$ cat coords_21.pdb   # PDB, C-alpha atoms
ATOM      1  CA  ASN A  16      58.265  88.022 -53.226
ATOM      2  CA  GLY A  17      60.116  90.876 -51.581
ATOM      3  CA  GLY A  18      61.165  89.016 -48.445
ATOM      4  CA  ARG A  19      60.590  90.310 -44.942
ATOM      5  CA  ARG A  20      59.900  93.896 -46.000
ATOM      6  CA  ASN A  21      57.086  92.715 -48.260
ATOM      7  CA  CYS A  22      55.630  90.580 -45.473
ATOM      8  CA  VAL A  23      55.629  93.538 -43.086
ATOM      9  CA  SER A  24      53.792  95.753 -45.569
ATOM     10  CA  ASP A  25      51.323  93.210 -46.976
ATOM     11  CA  ASP A  26      50.668  90.496 -44.383
ATOM     12  CA  PRO A  27      48.701  91.431 -41.236
ATOM     13  CA  VAL A  28      49.346  88.019 -39.677
ATOM     14  CA  PHE A  29      53.097  88.432 -40.150
ATOM     15  CA  ARG A  30      53.021  91.824 -38.450
ATOM     16  CA  VAL A  31      51.269  90.365 -35.412
ATOM     17  CA  MET A  32      53.567  87.347 -35.350
ATOM     18  CA  GLU A  33      56.720  89.458 -35.659
ATOM     19  CA  ALA A  34      55.707  91.595 -32.671
ATOM     20  CA  ASP A  35      54.509  88.695 -30.506
ATOM     21  CA  MET A  36      56.314  89.136 -27.196
ATOM     22  CA  HIS A  37      56.292  85.395 -26.479
ATOM     23  CA  ASN A  38      58.569  85.060 -29.512
ATOM     24  CA  LEU A  39      60.945  87.916 -28.589
ATOM     25  CA  THR A  40      64.072  87.579 -26.478
ATOM     26  CA  PRO A  41      67.282  89.596 -26.037
ATOM     27  CA  THR A  42      70.290  88.109 -27.752
ATOM     28  CA  VAL A  43      73.857  88.839 -28.770
ATOM     29  CA  GLY A  44      73.777  90.310 -32.273
ATOM     30  CA  GLU A  45      76.724  88.326 -33.626
ATOM     31  CA  VAL A  46      75.316  85.038 -32.353
ATOM     32  CA  ASN A  47      71.861  85.822 -33.702
ATOM     33  CA  GLY A  48      73.346  86.753 -37.080
ATOM     34  CA  ASP A  49      75.376  83.545 -37.293
ATOM     35  CA  ARG A  50      72.372  81.497 -36.232
ATOM     36  CA  SER A  51      70.486  82.989 -39.188
ATOM     37  CA  ASN A  52      67.497  80.776 -39.995
ATOM     38  CA  TYR A  53      69.384  77.523 -39.459
ATOM     39  CA  ARG A  54      67.538  74.554 -38.018
ATOM     40  CA  PHE A  55      68.142  73.514 -34.427
ATOM     41  CA  SER A  56      70.150  70.359 -33.859
ATOM     42  CA  VAL A  57      72.557  68.493 -31.563
ATOM     43  CA  LEU A  58      76.170  69.080 -32.587
ATOM     44  CA  PRO A  59      78.519  66.962 -30.440
ATOM     45  CA  GLY A  60      81.456  67.385 -32.828
ATOM     46  CA  THR A  61      81.203  71.160 -33.193
ATOM     47  CA  GLY A  62      83.170  73.528 -30.989
ATOM     48  CA  ARG A  63      82.081  76.846 -29.556
ATOM     49  CA  GLN A  64      83.043  79.850 -31.675
ATOM     50  CA  HIS A  65      81.550  82.746 -29.714
ATOM     51  CA  GLY A  66      83.741  83.140 -26.655
ATOM     52  CA  ALA A  67      81.793  82.765 -23.421
ATOM     53  CA  CYS A  68      78.510  82.173 -25.272
ATOM     54  CA  ASP A  69      77.667  78.490 -24.971
ATOM     55  CA  VAL A  70      76.237  78.039 -28.463
ATOM     56  CA  LYS A  71      77.400  75.977 -31.425
ATOM     57  CA  VAL A  72      76.873  76.880 -35.069
ATOM     58  CA  ASP A  73      77.702  74.523 -37.927
ATOM     59  CA  PHE A  74      77.682  76.644 -41.064
ATOM     60  CA  SER A  75      78.204  73.706 -43.445
ATOM     61  CA  GLN A  76      75.189  71.839 -42.046
ATOM     62  CA  ARG A  77      73.211  75.055 -41.502
ATOM     63  CA  ALA A  78      72.484  73.924 -37.956
ATOM     64  CA  VAL A  79      72.741  75.416 -34.469
ATOM     65  CA  GLU A  80      72.724  74.014 -30.933
ATOM     66  CA  PRO A  81      71.888  76.435 -28.087
ATOM     67  CA  ARG A  82      72.986  76.024 -24.473
ATOM     68  CA  ASP A  83      71.090  73.475 -22.386
ATOM     69  CA  SER A  84      69.445  76.081 -20.135
ATOM     70  CA  VAL A  85      67.319  77.482 -22.977
ATOM     71  CA  LYS A  86      66.618  74.374 -25.052
ATOM     72  CA  GLY A  87      63.297  73.684 -23.363
ATOM     73  CA  GLN A  88      62.236  77.322 -23.610
ATOM     74  CA  ILE A  89      63.110  77.411 -27.316
ATOM     75  CA  ALA A  90      61.059  74.263 -27.898
ATOM     76  CA  ARG A  91      58.013  75.712 -26.173
ATOM     77  CA  VAL A  92      58.310  79.026 -28.038
ATOM     78  CA  TYR A  93      58.468  77.150 -31.341
ATOM     79  CA  PHE A  94      55.458  75.043 -30.349
ATOM     80  CA  TYR A  95      53.576  78.242 -29.522
ATOM     81  CA  VAL A  96      54.439  80.133 -32.715
ATOM     82  CA  HIS A  97      53.743  77.215 -35.035
ATOM     83  CA  ASP A  98      50.479  76.375 -33.281
ATOM     84  CA  ARG A  99      49.180  79.940 -32.964
ATOM     85  CA  TYR A 100      50.085  81.116 -36.452
ATOM     86  CA  ASP A 101      49.404  77.817 -38.239
ATOM     87  CA  LEU A 102      52.945  77.157 -39.464
ATOM     88  CA  THR A 103      54.331  73.830 -40.618
ATOM     89  CA  MET A 104      57.211  72.205 -38.752
ATOM     90  CA  SER A 105      59.417  69.425 -40.087
ATOM     91  CA  ARG A 106      59.149  66.012 -38.469
ATOM     92  CA  ALA A 107      62.798  66.155 -37.407
ATOM     93  CA  GLN A 108      62.368  69.498 -35.645
ATOM     94  CA  GLN A 109      59.205  68.280 -33.926
ATOM     95  CA  GLN A 110      61.009  65.234 -32.559
ATOM     96  CA  LEU A 111      63.952  67.322 -31.358
ATOM     97  CA  PHE A 112      61.752  69.906 -29.651
ATOM     98  CA  MET A 113      59.603  67.249 -27.995
ATOM     99  CA  ALA A 114      62.788  65.686 -26.615
ATOM    100  CA  TRP A 115      64.046  69.053 -25.366
ATOM    101  CA  HIS A 116      60.651  69.789 -23.823
ATOM    102  CA  ARG A 117      60.843  66.559 -21.797
ATOM    103  CA  GLN A 118      64.522  66.892 -20.945
ATOM    104  CA  PHE A 119      64.384  70.544 -19.906
ATOM    105  CA  PRO A 120      61.042  71.225 -18.179
ATOM    106  CA  VAL A 121      59.579  74.668 -17.549
ATOM    107  CA  SER A 122      61.707  76.671 -15.132
ATOM    108  CA  VAL A 123      60.543  79.117 -12.478
ATOM    109  CA  TRP A 124      61.854  82.024 -14.564
ATOM    110  CA  GLU A 125      60.111  80.763 -17.701
ATOM    111  CA  GLN A 126      56.828  80.664 -15.794
ATOM    112  CA  GLU A 127      57.385  84.205 -14.530
ATOM    113  CA  ARG A 128      58.320  85.423 -18.016
ATOM    114  CA  GLU A 129      55.152  83.849 -19.412
ATOM    115  CA  ARG A 130      52.976  85.531 -16.769
ATOM    116  CA  ARG A 131      54.495  88.963 -17.387
ATOM    117  CA  ILE A 132      54.052  88.718 -21.156
ATOM    118  CA  ALA A 133      50.521  87.345 -20.843
ATOM    119  CA  ALA A 134      49.606  90.350 -18.680
ATOM    120  CA  VAL A 135      50.637  92.654 -21.523
ATOM    121  CA  MET A 136      49.412  90.663 -24.522
ATOM    122  CA  GLY A 137      46.218  89.292 -23.046
ATOM    123  CA  HIS A 138      47.069  85.648 -23.679
ATOM    124  CA  GLY A 139      49.726  83.219 -22.536
ATOM    125  CA  ASN A 140      51.834  80.457 -24.015
ATOM    126  CA  PRO A 141      49.789  77.300 -23.368
ATOM    127  CA  PHE A 142      52.861  75.117 -23.892
ATOM    128  CA  VAL A 143      54.467  76.802 -20.886
ATOM    129  CA  THR A 144      51.382  76.715 -18.669
ATOM    130  CA  GLY A 145      50.654  73.097 -19.597
ATOM    131  CA  GLU A 146      47.249  73.865 -21.085
ATOM    132  CA  ARG A 147      48.387  72.437 -24.412
ATOM    133  CA  GLN A 148      50.793  69.651 -25.351
ATOM    134  CA  TRP A 149      52.627  69.049 -28.598
ATOM    135  CA  SER A 150      52.681  65.541 -30.042
ATOM    136  CA  SER A 151      53.523  64.036 -33.425
ATOM    137  CA  GLY A 152      50.888  65.019 -35.960
ATOM    138  CA  HIS A 153      49.911  68.048 -33.888
ATOM    139  CA  ARG A 154      46.946  70.001 -35.276
ATOM    140  CA  ASN A 155      47.457  73.747 -34.998
ATOM    141  CA  SER A 156      44.871  75.894 -33.249
ATOM    142  CA  ALA A 157      45.653  78.880 -35.556
ATOM    143  CA  ASP A 158      44.362  81.182 -32.800
ATOM    144  CA  GLY A 159      46.668  83.984 -33.909
ATOM    145  CA  VAL A 160      45.546  83.863 -37.529
ATOM    146  CA  VAL A 161      41.932  84.473 -36.533
ATOM    147  CA  THR A 162      42.910  87.221 -34.100
ATOM    148  CA  ALA A 163      45.068  88.962 -36.675
ATOM    149  CA  LEU A 164      42.512  88.879 -39.471
ATOM    150  CA  LYS A 165      39.445  90.004 -37.559
ATOM    151  CA  PRO A 166      40.420  93.699 -37.422
ATOM    152  CA  VAL A 167      41.224  93.685 -41.129
ATOM    153  CA  GLN A 168      37.818  92.300 -41.996
ATOM    154  CA  ALA A 169      36.037  94.737 -39.694
ATOM    155  CA  ASP A 170      37.915  97.730 -41.102
ATOM    156  CA  ALA A 171      37.574  96.756 -44.759
ATOM    157  CA  TYR A 172      35.184  99.654 -45.357
ATOM    158  CA  SER A 173      36.679 101.952 -42.704
ATOM    159  CA  GLY A 174      33.322 102.156 -40.918
ATOM    160  CA  ALA A 175      31.868 103.915 -43.967
ATOM    161  CA  VAL A 176      28.995 101.596 -44.848
ATOM    162  CA  ARG A 177      25.914 103.807 -44.862
ATOM    163  CA  GLY A 178      22.393 102.653 -44.214
ATOM    164  CA  ASN A 179      19.205 104.555 -45.042
ATOM    165  CA  ARG A 180      16.906 104.393 -42.038
ATOM    166  CA  ASN A 181      13.841 104.957 -44.271
ATOM    167  CA  SER A 182      14.480 102.342 -46.949
ATOM    168  CA  LYS A 183      16.465  99.920 -44.758
ATOM    169  CA  VAL A 184      19.019  99.729 -47.585
ATOM    170  CA  TYR A 185      22.775 100.100 -47.131
ATOM    171  CA  HIS A 186      25.337 101.495 -49.562
ATOM    172  CA  LEU A 187      29.068 100.825 -49.909
ATOM    173  CA  PRO A 188      31.589 103.640 -50.448
ATOM    174  CA  ARG A 189      32.623 102.067 -53.749
ATOM    175  CA  GLY A 190      30.247 100.854 -56.432
ATOM    176  CA  CYS A 191      27.037 102.203 -54.904
ATOM    177  CA  PRO A 192      25.766 105.405 -56.576
ATOM    178  CA  GLY A 193      23.460 106.198 -53.647
ATOM    179  CA  PHE A 194      26.252 106.317 -51.057
ATOM    180  CA  ASP A 195      26.468 110.139 -51.103
ATOM    181  CA  GLN A 196      22.789 110.708 -51.828
ATOM    182  CA  ILE A 197      21.396 109.754 -48.419
ATOM    183  CA  ALA A 198      20.207 112.747 -46.420
ATOM    184  CA  ASP A 199      22.244 113.342 -43.291
ATOM    185  CA  HIS A 200      19.315 112.745 -40.950
ATOM    186  CA  ASN A 201      18.644 109.361 -42.573
ATOM    187  CA  ARG A 202      22.238 108.074 -42.524
ATOM    188  CA  VAL A 203      23.038 105.122 -40.258
ATOM    189  CA  PRO A 204      26.747 104.180 -40.194
ATOM    190  CA  PHE A 205      27.844 100.558 -39.943
ATOM    191  CA  PRO A 206      31.358  99.109 -39.587
ATOM    192  CA  SER A 207      30.758  96.469 -42.269
ATOM    193  CA  PRO A 208      28.147  95.008 -44.636
ATOM    194  CA  ALA A 209      27.706  92.116 -42.205
ATOM    195  CA  ALA A 210      26.811  94.535 -39.413
ATOM    196  CA  ALA A 211      24.288  96.287 -41.640
ATOM    197  CA  SER A 212      22.698  92.969 -42.620
ATOM    198  CA  ALA A 213      22.509  91.929 -38.978
ATOM    199  CA  ALA A 214      20.593  95.143 -38.278
ATOM    200  CA  GLY A 215      18.009  94.254 -40.915
ATOM    201  CA  TYR A 216      19.381  96.272 -43.832
ATOM    202  CA  ARG A 217      19.914  94.921 -47.355
ATOM    203  CA  GLN A 218      22.408  96.053 -49.966
ATOM    204  CA  ALA A 219      21.143  98.565 -52.510
ATOM    205  CA  GLY A 220      20.171  96.929 -55.765
ATOM    206  CA  ASN A 221      22.131  99.373 -57.935
ATOM    207  CA  CYS A 222      25.497  98.630 -56.333
ATOM    208  CA  ARG A 223      28.005  97.307 -58.850
TER     209      ARG A 223
END
$ encode --input "coords_21.pdb" --output "structure tokens"
Amino acid sequence: NGGRRNCVSDDPVFRVMEADMHNLTPTVGEVNGDRSNYRFSVLPGTGRQHGACDVKVDFSQRAVEPRDSVKGQIARVYFYVHDRYDLTMSRAQQQLFMAWHRQFPVSVWEQERERRIAAVMGHGNPFVTGERQWSSGHRNSADGVVTALKPVQADAYSGAVRGNRNSKVYHLPRGCPGFDQIADHNRVPFPSPAAASAAGYRQAGNCR
């Protein structure tokens, strides 16, 4: 519904995933455009069509084969993205990426790249460091989904939940008539209803 633009505006997880530096790499625009969203594959009968770029694209099969030197890195990036953001991966792609992972192990540059990105983002790619392994039937950690949604939940009321220090009752900015009736010296701000409850406050009974 609305494609990528709609995802950017409405999906906080997509916005985090799209900007994830582990999933970003410089590329030649024409090659990236031709690659589109085709699946990865092995294409022995397909010739190179992009000059010095060692990549094969089969438009009829909607498939692409990258150069050998990046196959392992691509596999580990796909493992990371699917695991972190709880995405499904076809059985065929899993088998191909597991084969590439074994055939093209982590390089010195890939390790350095991972360390540099982890220093900026605060977390690494566990499929590069070896902390996590992908196998058939892999169960996703969904670490990125939790990370992306936490700020949204915390900011749902924009820090505007108001508690009354005398009555130990809290009011929401919408649906609670007493929200603007608390005297300034009695107001206690909370970031969320959960925070107010944890502090011993209960929701006002006249909230709708």
$ atom_distance --input "coords_21.pdb" --atom1 "CA of Phe74 in chain A" --atom2 "CA of Asn38 in chain A"
23.9 Å
$ closest_residue --input "coords_21.pdb" --among "A:Arg63, A:His97, A:His37, A:Arg117" --to "Arg130 in chain A" --atoms "all atoms listed in the file"
A:His37
$ resolve_selection --input "coords_21.pdb" --expression "the PyMOL selection byres ((chain A and resi 128) around 12)" --output "list in words"
Met36, His37, Asn38, Leu39, Thr40, Gln88, Val92, Val121, Ser122, Val123, Trp124, Glu125, Gln126, Glu127, Glu129, Arg130, Arg131, Ile132, Ala133, Ala134, Val135, Gly139, Asn140, Val143 and Thr144 of chain A
$ resolve_selection --input "coords_21.pdb" --expression "the PyMOL selection byres ((chain A and resi 77) around 12)" --output "mmCIF file with C-alpha atoms, in the coordinates of the input"
data_model
loop_
_atom_site.group_PDB
_atom_site.id
_atom_site.type_symbol
_atom_site.label_atom_id
_atom_site.label_comp_id
_atom_site.auth_asym_id
_atom_site.auth_seq_id
_atom_site.Cartn_x
_atom_site.Cartn_y
_atom_site.Cartn_z
ATOM 1 C CA ASP A 49 75.376 83.545 -37.293
ATOM 2 C CA ARG A 50 72.372 81.497 -36.232
ATOM 3 C CA SER A 51 70.486 82.989 -39.188
ATOM 4 C CA ASN A 52 67.497 80.776 -39.995
ATOM 5 C CA TYR A 53 69.384 77.523 -39.459
ATOM 6 C CA ARG A 54 67.538 74.554 -38.018
ATOM 7 C CA PHE A 55 68.142 73.514 -34.427
ATOM 8 C CA SER A 56 70.150 70.359 -33.859
ATOM 9 C CA VAL A 57 72.557 68.493 -31.563
ATOM 10 C CA LEU A 58 76.170 69.080 -32.587
ATOM 11 C CA LYS A 71 77.400 75.977 -31.425
ATOM 12 C CA VAL A 72 76.873 76.880 -35.069
ATOM 13 C CA ASP A 73 77.702 74.523 -37.927
ATOM 14 C CA PHE A 74 77.682 76.644 -41.064
ATOM 15 C CA SER A 75 78.204 73.706 -43.445
ATOM 16 C CA GLN A 76 75.189 71.839 -42.046
ATOM 17 C CA ALA A 78 72.484 73.924 -37.956
ATOM 18 C CA VAL A 79 72.741 75.416 -34.469
ATOM 19 C CA GLU A 80 72.724 74.014 -30.933
#
$ resolve_selection --input "coords_21.pdb" --expression "the PyMOL selection byres ((chain A and resi 185-194) around 10)" --output "count of residues only"
33
$ closest_residue --input "coords_21.pdb" --among "A:Gln64, A:Asp69, A:Arg99, A:Leu111" --to "Asp35 in chain A" --atoms "all atoms listed in the file"
A:Arg99
$ atom_distance --input "coords_21.pdb" --atom1 "CA of Val43 in chain A" --atom2 "CA of Asp26 in chain A"
28.0 Å
$ atom_distance --input "coords_21.pdb" --atom1 "CA of Ala114 in chain A" --atom2 "CA of Thr42 in chain A"
23.7 Å
$ closest_residue --input "coords_21.pdb" --among "A:Gly48, A:Ala213, A:Tyr100, A:Ser156" --to "Val28 in chain A" --atoms "all atoms listed in the file"
A:Tyr100
$ closest_residue --input "coords_21.pdb" --among "A:Val23, A:Ala34, A:Ala157, A:Ala67" --to "Thr103 in chain A" --atoms "all atoms listed in the file"
A:Ala157
$ closest_residue --input "coords_21.pdb" --among "A:Pro81, A:Gly137, A:Gly66, A:Gly152" --to "Ser105 in chain A" --atoms "all atoms listed in the file"
A:Gly152
$ residues_near_point --input "coords_21.pdb" --point "(49.3, 75.5, -30.6)" --cutoff "9 Å" --atoms "all atoms listed in the file" --output "list in words"
Phe94, Tyr95, Val96, His97, Asp98, Arg99, Tyr100, Asp101, Asn140, Pro141, Phe142, Arg147, Gln148, Trp149, His153, Arg154, Asn155, Ser156, Ala157 and Asp158 of chain A
$ closest_residue --input "coords_21.pdb" --among "A:Ser84, A:Asn181, A:Cys22, A:Gly44" --to "His65 in chain A" --atoms "all atoms listed in the file"
A:Gly44
$ build_atoms --input "coords_21.pdb" --residues "range 80-115 of chain A" --atoms "N, CA and C atoms" --output "compact mmCIF listing (two decimals), in the coordinates of the input"
# COMPACT_ATOMS: atom_id res chain seq x y z
N GLU A 80 73.11 74.61 -32.21
CA GLU A 80 72.72 74.01 -30.93
C GLU A 80 72.89 75.06 -29.83
N PRO A 81 71.80 75.45 -29.17
CA PRO A 81 71.89 76.44 -28.09
C PRO A 81 72.34 75.76 -26.79
N ARG A 82 72.59 76.57 -25.77
CA ARG A 82 72.99 76.02 -24.47
C ARG A 82 71.80 75.28 -23.84
N ASP A 83 72.11 74.33 -22.98
CA ASP A 83 71.09 73.47 -22.39
C ASP A 83 70.01 74.27 -21.66
N SER A 84 70.39 75.36 -20.99
CA SER A 84 69.44 76.08 -20.14
C SER A 84 68.29 76.73 -20.90
N VAL A 85 68.41 76.86 -22.21
CA VAL A 85 67.32 77.48 -22.98
C VAL A 85 66.68 76.53 -23.99
N LYS A 86 67.16 75.30 -24.05
CA LYS A 86 66.62 74.37 -25.05
C LYS A 86 65.13 74.13 -24.85
N GLY A 87 64.72 73.92 -23.62
CA GLY A 87 63.30 73.68 -23.36
C GLY A 87 62.46 74.91 -23.69
N GLN A 88 62.97 76.09 -23.32
CA GLN A 88 62.24 77.32 -23.61
C GLN A 88 62.10 77.52 -25.11
N ILE A 89 63.17 77.28 -25.86
CA ILE A 89 63.11 77.41 -27.32
C ILE A 89 62.06 76.47 -27.89
N ALA A 90 62.04 75.24 -27.41
CA ALA A 90 61.06 74.26 -27.90
C ALA A 90 59.64 74.76 -27.68
N ARG A 91 59.38 75.29 -26.49
CA ARG A 91 58.01 75.71 -26.17
C ARG A 91 57.62 77.00 -26.92
N VAL A 92 58.59 77.85 -27.21
CA VAL A 92 58.31 79.03 -28.04
C VAL A 92 57.98 78.59 -29.46
N TYR A 93 58.74 77.63 -29.98
CA TYR A 93 58.47 77.15 -31.34
C TYR A 93 57.12 76.44 -31.40
N PHE A 94 56.79 75.65 -30.39
CA PHE A 94 55.46 75.04 -30.35
C PHE A 94 54.39 76.13 -30.42
N TYR A 95 54.56 77.16 -29.61
CA TYR A 95 53.58 78.24 -29.52
C TYR A 95 53.41 78.96 -30.86
N VAL A 96 54.51 79.36 -31.47
CA VAL A 96 54.44 80.13 -32.72
C VAL A 96 53.83 79.30 -33.84
N HIS A 97 54.27 78.06 -33.96
CA HIS A 97 53.74 77.22 -35.03
C HIS A 97 52.27 76.90 -34.82
N ASP A 98 51.88 76.67 -33.58
CA ASP A 98 50.48 76.38 -33.28
C ASP A 98 49.60 77.60 -33.48
N ARG A 99 50.02 78.74 -32.95
CA ARG A 99 49.18 79.94 -32.96
C ARG A 99 49.04 80.53 -34.35
N TYR A 100 50.12 80.48 -35.14
CA TYR A 100 50.08 81.12 -36.45
C TYR A 100 50.03 80.10 -37.59
N ASP A 101 49.68 78.87 -37.26
CA ASP A 101 49.40 77.82 -38.24
C ASP A 101 50.57 77.61 -39.21
N LEU A 102 51.75 77.41 -38.66
CA LEU A 102 52.94 77.16 -39.46
C LEU A 102 53.27 75.67 -39.48
N THR A 103 53.93 75.23 -40.53
CA THR A 103 54.33 73.83 -40.62
C THR A 103 55.72 73.66 -40.00
N MET A 104 55.93 72.52 -39.37
CA MET A 104 57.21 72.20 -38.75
C MET A 104 57.66 70.83 -39.22
N SER A 105 58.92 70.71 -39.59
CA SER A 105 59.42 69.42 -40.09
C SER A 105 59.33 68.36 -38.99
N ARG A 106 59.25 67.13 -39.42
CA ARG A 106 59.15 66.01 -38.47
C ARG A 106 60.39 65.96 -37.57
N ALA A 107 61.56 66.22 -38.18
CA ALA A 107 62.80 66.16 -37.41
C ALA A 107 62.83 67.22 -36.32
N GLN A 108 62.39 68.45 -36.65
CA GLN A 108 62.37 69.50 -35.65
C GLN A 108 61.34 69.20 -34.56
N GLN A 109 60.20 68.65 -34.92
CA GLN A 109 59.20 68.28 -33.93
C GLN A 109 59.78 67.28 -32.93
N GLN A 110 60.45 66.26 -33.44
CA GLN A 110 61.01 65.23 -32.56
C GLN A 110 62.07 65.81 -31.63
N LEU A 111 62.91 66.70 -32.18
CA LEU A 111 63.95 67.32 -31.36
C LEU A 111 63.33 68.19 -30.27
N PHE A 112 62.36 69.01 -30.63
CA PHE A 112 61.75 69.91 -29.65
C PHE A 112 60.97 69.13 -28.60
N MET A 113 60.32 68.06 -28.98
CA MET A 113 59.60 67.25 -28.00
C MET A 113 60.58 66.64 -27.00
N ALA A 114 61.76 66.23 -27.50
CA ALA A 114 62.79 65.69 -26.62
C ALA A 114 63.32 66.77 -25.67
N TRP A 115 63.56 67.96 -26.21
CA TRP A 115 64.05 69.05 -25.37
C TRP A 115 63.00 69.45 -24.34
